[in-house]
Each structure stands twice: as C-alpha cells, then as structure tokens.
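Next comes upload20.cif, a file with mmCIF, C-alpha atoms.
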```cif
data_model
#
loop_
_atom_site.label_atom_id
_atom_site.label_comp_id
_atom_site.auth_asym_id
_atom_site.auth_seq_id
_atom_site.Cartn_x
_atom_site.Cartn_y
_atom_site.Cartn_z
CA MET A 1 -50.04 214.24 384.74
CA ARG A 2 -50.22 210.61 384.66
CA GLN A 3 -48.60 208.66 381.91
CA THR A 4 -50.28 205.77 380.34
CA LEU A 5 -48.19 202.75 379.43
CA SER A 6 -49.37 202.68 375.91
CA GLN A 7 -48.05 206.18 375.35
CA ASN A 8 -44.39 205.03 374.78
CA ILE A 9 -45.14 202.09 372.67
CA ASP A 10 -44.33 202.63 369.03
CA THR A 11 -47.20 201.71 366.98
CA PRO A 12 -46.25 200.59 363.54
CA LYS A 13 -47.68 202.94 361.06
CA PRO A 14 -47.52 202.15 357.49
CA ASN A 15 -45.70 204.68 355.35
CA PRO A 16 -48.30 206.21 353.20
CA LEU A 17 -45.73 206.90 350.46
CA MET A 18 -44.68 203.33 350.28
CA GLY A 19 -47.28 201.08 349.09
CA LYS A 20 -46.75 197.46 348.62
CA LEU A 21 -43.69 196.98 346.50
CA PRO A 22 -44.41 195.27 343.29
CA LYS A 23 -42.84 191.92 343.28
CA LEU A 24 -40.00 191.86 340.81
CA PRO A 25 -39.80 188.82 338.70
CA LYS A 26 -36.95 186.55 339.87
CA PRO A 27 -34.10 186.55 337.37
CA SER A 28 -34.16 183.08 336.04
CA ILE A 29 -30.67 181.98 334.92
CA LYS A 30 -31.15 179.87 331.96
CA LEU A 31 -28.20 177.57 331.34
CA PRO A 32 -27.35 177.33 327.72
CA LYS A 33 -28.44 174.06 326.37
CA ASN A 34 -25.89 173.97 323.55
CA PRO A 35 -23.09 171.55 324.65
CA LYS A 36 -20.53 173.53 322.65
CA ILE A 37 -21.22 176.66 324.67
CA ILE A 38 -21.03 174.69 327.93
CA ALA A 39 -17.69 173.26 326.89
CA LEU A 40 -16.51 176.76 325.98
CA ILE A 41 -17.51 178.11 329.37
CA ILE A 42 -15.77 175.23 331.18
CA LEU A 43 -12.67 175.85 329.09
CA ALA A 44 -12.71 179.55 329.87
CA ILE A 45 -13.03 178.84 333.60
CA THR A 46 -10.18 176.33 333.45
CA ILE A 47 -7.94 178.82 331.64
CA PHE A 48 -8.79 181.47 334.19
CA LEU A 49 -7.97 179.11 337.07
CA LEU A 50 -4.74 178.07 335.42
CA LEU A 51 -3.76 181.69 334.96
CA ILE A 52 -4.30 182.31 338.65
CA ALA A 53 -2.35 179.18 339.58
CA ASN A 54 0.44 180.24 337.27
CA PHE A 55 0.56 183.66 338.86
CA LEU A 56 0.69 182.11 342.35
CA ILE A 57 3.48 179.72 341.41
CA LYS A 58 5.56 182.37 339.72
CA SER A 59 5.32 184.99 342.40
CA PRO A 60 7.31 183.33 345.28
CA PRO A 61 10.69 182.98 343.50
CA SER A 62 10.75 186.66 342.71
CA THR A 63 10.74 187.44 346.42
CA LYS A 64 13.45 184.83 346.99
CA LYS A 65 15.56 186.38 344.27
CA ASN A 66 15.36 189.71 345.94
CA ASN A 67 16.45 188.13 349.20
CA GLN A 68 19.38 186.42 347.53
CA ASN A 69 20.49 189.62 345.95
CA THR A 70 20.55 191.36 349.26
CA ILE A 71 22.44 188.52 350.95
CA SER A 72 24.94 188.11 348.17
CA GLN A 73 26.07 191.68 348.63
CA ASN A 74 27.57 190.68 351.96
CA LEU A 75 29.20 187.45 350.71
CA PRO A 76 32.37 187.07 348.67
CA SER A 77 31.81 186.15 345.06
CA PRO A 78 32.34 182.47 344.18
CA THR A 79 35.23 183.30 341.88
CA SER A 80 37.21 184.64 344.78
CA THR A 81 37.49 181.17 346.39
CA PRO A 82 41.01 179.90 345.83
CA ASN A 83 41.68 176.86 343.65
CA PRO A 84 43.31 174.19 345.87
CA ILE A 85 45.62 173.08 343.05
CA PRO A 86 48.76 175.22 342.82
CA THR A 87 48.82 177.46 339.77
CA GLN A 88 51.91 175.86 338.19
CA PHE A 89 50.06 172.53 337.85
CA VAL A 90 46.57 173.74 336.93
CA ASP A 91 47.13 173.48 333.18
CA GLN A 92 48.60 169.98 333.40
CA PHE A 93 45.71 168.74 335.53
CA SER A 94 43.05 170.26 333.27
CA GLN A 95 44.72 168.84 330.15
CA ILE A 96 44.62 165.33 331.62
CA GLU A 97 41.04 165.78 332.79
CA GLN A 98 39.96 166.86 329.31
CA LEU A 99 41.61 163.81 327.76
CA LEU A 100 39.95 161.51 330.27
CA GLU A 101 36.57 163.02 329.41
CA GLN A 102 37.11 162.30 325.71
CA ASN A 103 36.34 158.64 326.36
CA ILE A 104 33.78 158.43 323.58
CA THR A 105 33.74 155.37 321.39
CA ILE A 106 31.36 155.09 318.49
CA ASP A 107 30.47 151.47 317.92
CA PRO A 108 30.88 150.04 314.43
CA PRO A 109 27.65 150.34 312.42
CA GLN A 110 25.38 147.30 312.58
CA ILE A 111 25.07 146.46 308.92
CA ASP A 112 23.87 143.39 307.09
CA SER A 113 26.70 142.12 304.90
CA GLN A 114 24.46 139.45 303.36
CA ILE A 115 22.08 141.73 301.48
CA GLY A 116 21.24 140.44 297.99
CA LEU A 117 22.74 137.01 298.56
CA MET B 1 25.74 196.94 305.97
CA TYR B 2 23.43 193.89 305.89
CA LEU B 3 24.80 192.95 302.49
CA LEU B 4 28.33 193.04 303.88
CA ALA B 5 27.35 190.85 306.84
CA PHE B 6 25.67 188.39 304.48
CA LEU B 7 28.76 188.21 302.25
CA LEU B 8 31.00 187.70 305.29
CA SER B 9 28.81 184.88 306.57
CA LEU B 10 28.94 183.23 303.14
CA LEU B 11 32.72 183.54 303.07
CA SER B 12 33.10 182.11 306.56
CA SER B 13 30.79 179.18 305.74
CA THR B 14 32.92 178.25 302.73
CA VAL B 15 36.08 178.45 304.80
CA PHE B 16 34.57 176.18 307.48
CA ALA B 17 33.36 173.76 304.84
CA GLN B 18 36.95 173.17 303.87
CA THR B 19 38.07 172.37 307.41
CA GLN B 20 35.35 170.11 308.80
CA ASN B 21 35.59 169.49 312.50
CA PRO B 22 35.48 165.89 313.89
CA VAL B 23 31.96 166.34 315.29
CA GLN B 24 30.66 167.04 311.79
CA TYR B 25 32.13 163.76 310.57
CA VAL B 26 30.34 161.96 313.39
CA ASN B 27 27.04 163.72 312.58
CA ASP B 28 27.48 162.85 308.94
CA HIS B 29 27.99 159.19 309.84
CA PHE B 30 24.89 159.04 312.02
CA TYR B 31 22.82 160.66 309.28
CA GLN B 32 24.03 158.11 306.72
CA LEU B 33 23.45 155.28 309.18
CA SER B 34 19.83 156.33 309.70
CA THR B 35 19.37 156.53 305.91
CA TYR B 36 20.75 152.99 305.59
CA GLN B 37 18.38 151.72 308.31
CA LYS B 38 15.38 153.17 306.45
CA ASP B 39 16.54 151.71 303.14
CA TYR B 40 17.22 148.36 304.78
CA SER B 41 13.69 148.05 306.18
CA ASP B 42 12.34 149.00 302.75
CA TYR B 43 14.55 146.33 301.16
CA GLN B 44 13.28 143.69 303.61
CA GLU B 45 9.69 144.60 302.76
CA LYS B 46 10.34 144.40 299.01
CA TYR B 47 12.19 141.12 299.45
CA GLN B 48 9.24 139.53 301.27
CA ILE B 49 6.75 140.78 298.69
CA HIS B 50 8.87 139.34 295.88
CA GLN B 51 9.14 136.03 297.73
CA LYS B 52 5.34 135.90 297.86
CA PHE B 53 4.38 136.96 294.34
CA SER B 54 7.50 136.53 292.15
CA ALA B 55 6.14 138.98 289.58
CA ILE B 56 8.08 141.21 287.17
CA SER B 57 6.92 144.32 288.97
CA THR B 58 7.94 142.98 292.39
CA GLU B 59 11.33 141.96 290.95
CA ASN B 60 11.88 145.46 289.59
CA ASP B 61 10.95 146.90 292.96
CA LEU B 62 13.39 144.56 294.67
CA ILE B 63 16.20 145.44 292.23
CA ASN B 64 15.72 149.16 292.85
CA SER B 65 15.47 148.67 296.60
CA THR B 66 18.61 146.49 296.69
CA LYS B 67 20.59 149.04 294.70
CA LYS B 68 19.44 151.77 297.05
CA VAL B 69 20.37 149.82 300.18
CA PHE B 70 23.76 148.86 298.71
CA LEU B 71 24.58 152.50 298.15
CA SER B 72 23.42 153.66 301.57
CA ARG B 73 25.23 150.75 303.28
CA ASN B 74 28.45 151.76 301.55
CA LEU B 75 27.95 155.37 302.58
CA ALA B 76 27.22 154.48 306.22
CA LEU B 77 30.34 152.35 306.34
CA ARG B 78 32.51 154.85 304.49
CA THR B 79 31.54 157.71 306.82
CA TYR B 80 32.37 155.49 309.80
CA LEU B 81 35.81 154.74 308.38
CA THR B 82 36.31 158.48 307.90
CA VAL B 83 35.42 159.11 311.56
CA LEU B 84 38.01 156.54 312.64
CA ARG B 85 40.66 157.97 310.31
CA ILE B 86 40.08 161.54 311.54
CA ASN B 87 40.08 160.43 315.18
CA LEU B 88 43.48 158.80 314.72
CA ASN B 89 44.86 162.28 313.98
CA SER B 90 44.21 163.38 317.57
CA HIS B 91 47.22 161.60 319.12
CA LEU B 92 49.23 160.67 316.07
CA ASP B 93 52.47 161.44 317.91
CA VAL B 94 51.97 158.60 320.41
CA HIS B 95 52.27 155.63 318.05
CA PRO B 96 52.87 157.36 314.72
CA GLN B 97 53.79 154.36 312.60
CA THR B 98 50.88 152.13 313.65
CA SER B 99 48.42 155.01 313.39
CA LEU B 100 49.63 156.07 309.94
CA ASP B 101 49.45 152.48 308.67
CA LEU B 102 45.87 152.20 309.89
CA GLN B 103 44.98 155.53 308.33
CA THR B 104 46.30 154.30 304.96
CA GLN B 105 44.28 151.09 305.25
CA LEU B 106 41.15 153.06 306.16
CA LYS B 107 41.69 155.44 303.25
CA ASN B 108 41.99 152.49 300.84
CA GLN B 109 38.75 150.96 302.04
CA GLU B 110 36.99 154.32 301.80
CA LYS B 111 38.17 154.54 298.20
CA TRP B 112 36.94 151.00 297.47
CA LEU B 113 33.51 151.76 298.93
CA ASN B 114 33.28 154.94 296.83
CA GLN B 115 34.17 153.04 293.66
CA GLN B 116 31.37 150.54 294.26
CA LYS B 117 28.83 153.16 293.12
CA GLN B 118 30.11 152.65 289.58
CA THR B 119 29.29 148.93 289.70
CA ILE B 120 25.97 149.28 291.55
CA ASP B 121 24.40 151.95 289.31
CA PRO B 122 24.49 149.99 286.01
CA ALA B 123 23.24 146.69 287.57
CA THR B 124 19.86 145.65 286.17
CA THR B 125 19.36 142.04 287.30
CA LEU B 126 19.23 140.24 290.62
CA ASP B 127 22.17 138.06 289.55
CA GLN B 128 24.38 141.08 288.98
CA LEU B 129 23.37 142.42 292.36
CA GLN B 130 24.12 139.06 293.94
CA ASN B 131 27.69 139.23 292.59
CA ILE B 132 28.11 142.74 293.98
CA GLY B 133 26.76 141.49 297.32
CA LYS B 134 29.23 138.59 297.39
CA LYS B 135 32.14 140.90 296.65
CA PHE B 136 31.07 143.20 299.45
CA SER B 137 30.61 140.33 301.88
CA ASN B 138 34.19 139.13 301.24
CA THR B 139 35.70 142.58 301.53
CA TYR B 140 33.68 143.35 304.67
CA LEU B 141 35.65 140.75 306.65
CA GLN B 142 38.80 142.73 305.90
CA ILE B 143 37.08 146.05 306.63
CA GLU B 144 35.82 144.72 309.98
CA LYS B 145 39.37 143.88 311.03
CA ILE B 146 40.61 147.36 310.12
CA ILE B 147 37.68 148.91 311.99
CA ASN B 148 38.44 146.94 315.16
CA ASN B 149 42.16 147.69 315.00
CA SER B 150 41.60 151.39 314.37
CA ALA B 151 38.99 151.81 317.11
CA THR B 152 41.25 150.03 319.61
CA GLN B 153 44.36 151.93 318.50
CA ASN B 154 42.54 155.22 318.87
CA GLN B 155 41.75 154.46 322.52
CA ILE B 156 45.25 153.13 323.15
CA ASN B 157 46.73 156.36 321.74
CA ARG B 158 44.52 158.49 323.97
CA GLN B 159 45.26 156.47 327.10
CA THR B 160 48.99 156.37 326.34
CA LYS B 161 48.93 160.15 326.00
CA ILE B 162 47.18 160.44 329.39
CA TYR B 163 49.74 158.06 330.88
CA GLN B 164 52.63 160.14 329.54
CA LEU B 165 51.10 163.35 330.88
CA LEU B 166 50.43 161.77 334.29
CA LYS B 167 54.00 160.54 334.47
CA GLN B 168 55.32 163.99 333.63
CA LEU B 169 53.02 165.63 336.17
CA ASN B 170 54.00 163.10 338.82
CA SER B 171 57.70 163.82 338.37
CA ASP B 172 57.06 167.59 338.27
CA ILE B 173 55.21 167.44 341.58
CA GLN B 174 57.98 165.35 343.15
CA GLN B 175 60.51 168.07 342.32
CA THR B 176 59.28 170.07 345.30
CA PRO B 177 61.90 170.76 348.00
CA THR B 178 59.97 168.98 350.79
CA GLN B 179 61.33 165.48 351.21
CA LYS B 180 58.66 164.14 353.57
CA ILE B 181 56.35 163.47 350.64
CA SER B 182 58.32 160.65 349.03
CA GLU B 183 56.25 157.93 350.69
CA TRP B 184 53.00 159.47 349.46
CA PHE B 185 54.11 158.89 345.91
CA THR B 186 54.96 155.21 346.31
CA ASN B 187 51.36 154.21 345.70
CA ILE B 188 51.02 156.53 342.71
CA ASP B 189 54.27 155.23 341.19
CA ASN B 190 53.03 151.65 341.54
CA GLN B 191 49.73 152.50 339.88
CA LEU B 192 51.50 154.28 337.04
CA GLU B 193 53.80 151.31 336.46
CA GLN B 194 50.83 149.02 335.87
CA ILE B 195 49.28 151.13 333.12
CA PRO B 196 51.65 150.15 330.25
CA GLN B 197 50.89 146.48 331.00
CA PHE B 198 47.15 147.14 330.57
CA LEU B 199 47.78 148.99 327.33
CA GLN B 200 49.95 146.15 326.04
CA LYS B 201 47.20 143.67 326.88
CA ALA B 202 44.65 145.76 324.99
CA THR B 203 46.91 145.93 321.93
CA SER B 204 47.10 142.15 321.64
CA SER B 205 43.40 141.45 322.41
CA SER B 206 40.41 141.17 320.13
CA TYR B 207 38.20 144.24 319.77
CA TYR B 208 35.65 143.45 322.49
CA ASN B 209 38.28 142.17 324.95
CA ALA B 210 40.39 145.22 324.24
CA ARG B 211 37.38 147.42 324.92
CA GLU B 212 36.97 145.88 328.37
CA GLU B 213 40.69 146.25 329.13
CA LEU B 214 40.63 149.87 328.03
CA GLN B 215 37.54 150.63 330.08
CA SER B 216 39.12 149.29 333.25
CA ASN B 217 42.31 151.17 332.40
CA GLN B 218 40.28 154.37 332.08
CA VAL B 219 39.27 153.89 335.72
CA ASN B 220 42.91 153.35 336.72
CA LEU B 221 43.99 156.53 334.97
CA GLN B 222 41.23 158.49 336.66
CA GLN B 223 42.32 157.07 340.02
CA VAL B 224 45.96 158.08 339.49
CA LEU B 225 44.84 161.58 338.59
CA ASN B 226 42.67 161.84 341.72
CA ASN B 227 45.51 160.59 343.92
CA LEU B 228 47.93 163.05 342.39
CA LYS B 229 45.45 165.85 342.97
CA THR B 230 45.03 164.91 346.64
CA VAL B 231 48.77 164.73 347.22
CA THR B 232 49.41 167.99 345.40
CA VAL B 233 46.78 169.81 347.42
CA LYS B 234 48.26 168.36 350.65
CA ILE B 235 51.79 169.42 349.76
CA TYR B 236 50.92 172.92 348.75
CA SER B 237 48.30 173.70 351.35
CA PRO B 238 49.56 176.22 353.89
#
```

So that I can check it, write out the structure of this file as structure tokens.
Amino acid sequence: MRQTLSQNIDTPKPNPLMGKLPKLPKPSIKLPKNPKIIALIILAITIFLLLIANFLIKSPPSTKKNNQNTISQNLPSPTSTPNPIPTQFVDQFSQIEQLLEQNITIDPPQIDSQIGL
Amino acid sequence: MYLLAFLLSLLSSTVFAQTQNPVQYVNDHFYQLSTYQKDYSDYQEKYQIHQKFSAISTENDLINSTKKVFLSRNLALRTYLTVLRINLNSHLDVHPQTSLDLQTQLKNQEKWLNQQKQTIDPATTLDQLQNIGKKFSNTYLQIEKIINNSATQNQINRQTKIYQLLKQLNSDIQQTPTQKISEWFTNIDNQLEQIPQFLQKATSSSYYNAREELQSNQVNLQQVLNNLKTVTVKIYSP
C-alpha cells in the first residue's frame, strides 16, 4: 500500500469541548490615591527592608562566635599568662599606678564676685 | 521577706548618708555650680530689664534675683571648699601640719559662707544687697588664696606620696643579690633625686605656675615608674 505524504501530517483539530475561552477582565491595580495610605505603605516597606537588613547584619557574628568558642578550647586562658612583674612587688607597683591615675584636679568655680555692686 | 529587704535598704542608706564618699562631695559641688549658673543668667536678665525700665516691679524682681544668686553662689563656693577639705584627708600624713592648717582655714570660710544666709534673707533693698556684695567681694580675695593653696597642696601631697613609694620600691628592688644591676639604677636614682626640687618649686609658685610644675612632675613620676618596671622585669626574667 502506498502512503500518501499528507497521511502523517497532524492536522490541527479544534477541541470540541473547548470553545473560545472567555476573556477574563485584566485585574486593574488601582493605586490608592490617599497620600496617607501611600506614606503608610512606603513606611511598611521600609520597615520590612530594615528588618531584613538587621537580620543580615546580626547573623554573621553568631557564626564567628561559634568559631571562637571552638578555637578557644585549644588555647590557654588569658589569665594563665604570667605577670612579668615579680609577685613581691606587684602590690607596690599597683599602689603607685593607682595614685598616678588619681591626677584629677577640679578647677575653682568661675564665679562673679561683683554681683550686686 | 520584701518588707525586710526594704527595711535593710533604708538602714543602709542612712548609714551611707553619714559617711559620704568624696565623689558625692564632687557631685554635690557640680550640682550647686549648675544651679548658680542658672541663677546668674536670670540675675543678668533681671538686671538689664531694670536698667531699661527702672520700675518698682523690675526692682523687686532684681532684688529677688540678686538674693537668689547670692545664695547659690555661696553654696557653689562652699561645696567647692568642702571638696578641697575632704581631698586633703587623702594624704594627710605627708605634710600633716600644712594640710591641717589649710583644712582649718577652709572650714572657717565654709562657716562664713553658711552664715551669710542669715544676712541675705532679710535684705529688702538694693543698697542692703550692695553692702552684702561688697563684703563678699572683699572676703573672696582671701578665699581665693586659700583655694589656690589647698588645691596645690593637695597635688603636692599626692605626688610626694608617690615619690616616697617609688623611693621605697627602688631600694627594695636593689636589695636583690645580683650585683650587675647597679648601673641600671643610676638613671632611676638621678630621676628620683630631681623630684623633690620640682615639688619645692611648686610649693613656692602661684597657683597656675604650680599647676604647670605639678603636671610636668606627674610625667616624671610616671617615667620613673616605667623605668623601674622595665628594670624589675629584666632582673627577674628567667
């Protein structure tokens, strides 16, 4: 039997069940005209963006903290480092340092001694 | 339980009120000083208004404002004298006689300033207030001298104390058995020897000159301490 070329060509047949779809009305987004509402929306968006930014900024240190904690387990604590000043002189040195730090002078009050004259 | 805690806190607050710490005296002074500054600007305003209008009402306003500023000026000054007197307690052992003399002088001026309230309150005319003002102006010259002497003496006492402690520490460190260190201390000894000269200079100078002397001496004392630290660490390092 001889085949005709047109035999394998799909001919578009319209689905009888599907008629022409009714065109849906396009949803028209009406921007609120009230300036107060616009301002409120802008404010809400800004707050939302700030919240996201805040979350992004806060999140990295927490990972760093975890890293530090894990590293610090392998390191000696800072208190274990020896004080270079021999123990018998530590008190004397700290007493002098404290006295040197007490270098606070309160200037005499600036008052007008000629009031009422 | 809460009642007990409340009673205890009340009790402790009354105990602390009796023994005021030096910082509280300083805070008290600054509070009184700010009150004086407010009253003073109010006085200036009232004075200018009275100069313009010379009315009975403006005169009354000026009288009230002058009385108010007199009282707050006295309080600001008195609290400052108290701060100086309390501060002199810190190193009373260094120059006891000079410090005690100054404390007596300060106490007398504090008393005088307190008594002024009795003369300010009953004043009703600008002439009466002028007399009070003149009396204050004359006494203030004396108070200013005592203030300058006390403030300088307080710093001298502190620095002398530091000098004494440094000297003691220096000799304690030199007691170590190693003899090789003697040359390291030559510089420190020289620096220490200069300090009493600076202190002497400050004693005989006016307030602002003394302040400069004492400030440069503070640097010298800090330097001696740093040098002593370095030497000590070198001696005792393994």

Interatomic distance, CA of Ser137 (chain B) to CA of Gln24 (chain B) (Å, one decimal):
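Computed distance, CA of Ser137 (chain B) to CA of Gln24 (chain B), equals 28.5 Å.
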
Interface residues on chain A facing chain B, 12 Å, only C-alpha atoms, written as a ChimeraX atom specification
/A:82-117

d(CA of Thr203 (chain B), CA of Lys145 (chain B)) in Å:
13.4 Å

Taking all atoms of region 144-147 of chain B that the file lists, what box with edges along x, y and z, padded by 6 Å per side, do you get, with centre and edge lengths in Å to one decimal, as lines of an AutoDock Vina configuration file?
```
center_x = 38.2
center_y = 146.4
center_z = 311.0
size_x = 16.8
size_y = 17.0
size_z = 14.0
```

Between B:Lys117, B:Lys201, B:Lys38, B:His91, which has the minimum distance to Thr160 (chain B) (counting all atoms listed in the file)?
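Ranked by minimum distance to Thr160 (chain B), first place goes to B:His91.
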
Calculate how many Å separate CA of Glu213 (chain B) from CA of Leu92 (chain B), rounding to one decimal.
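Distance reported for this atom pair: 21.2 Å.
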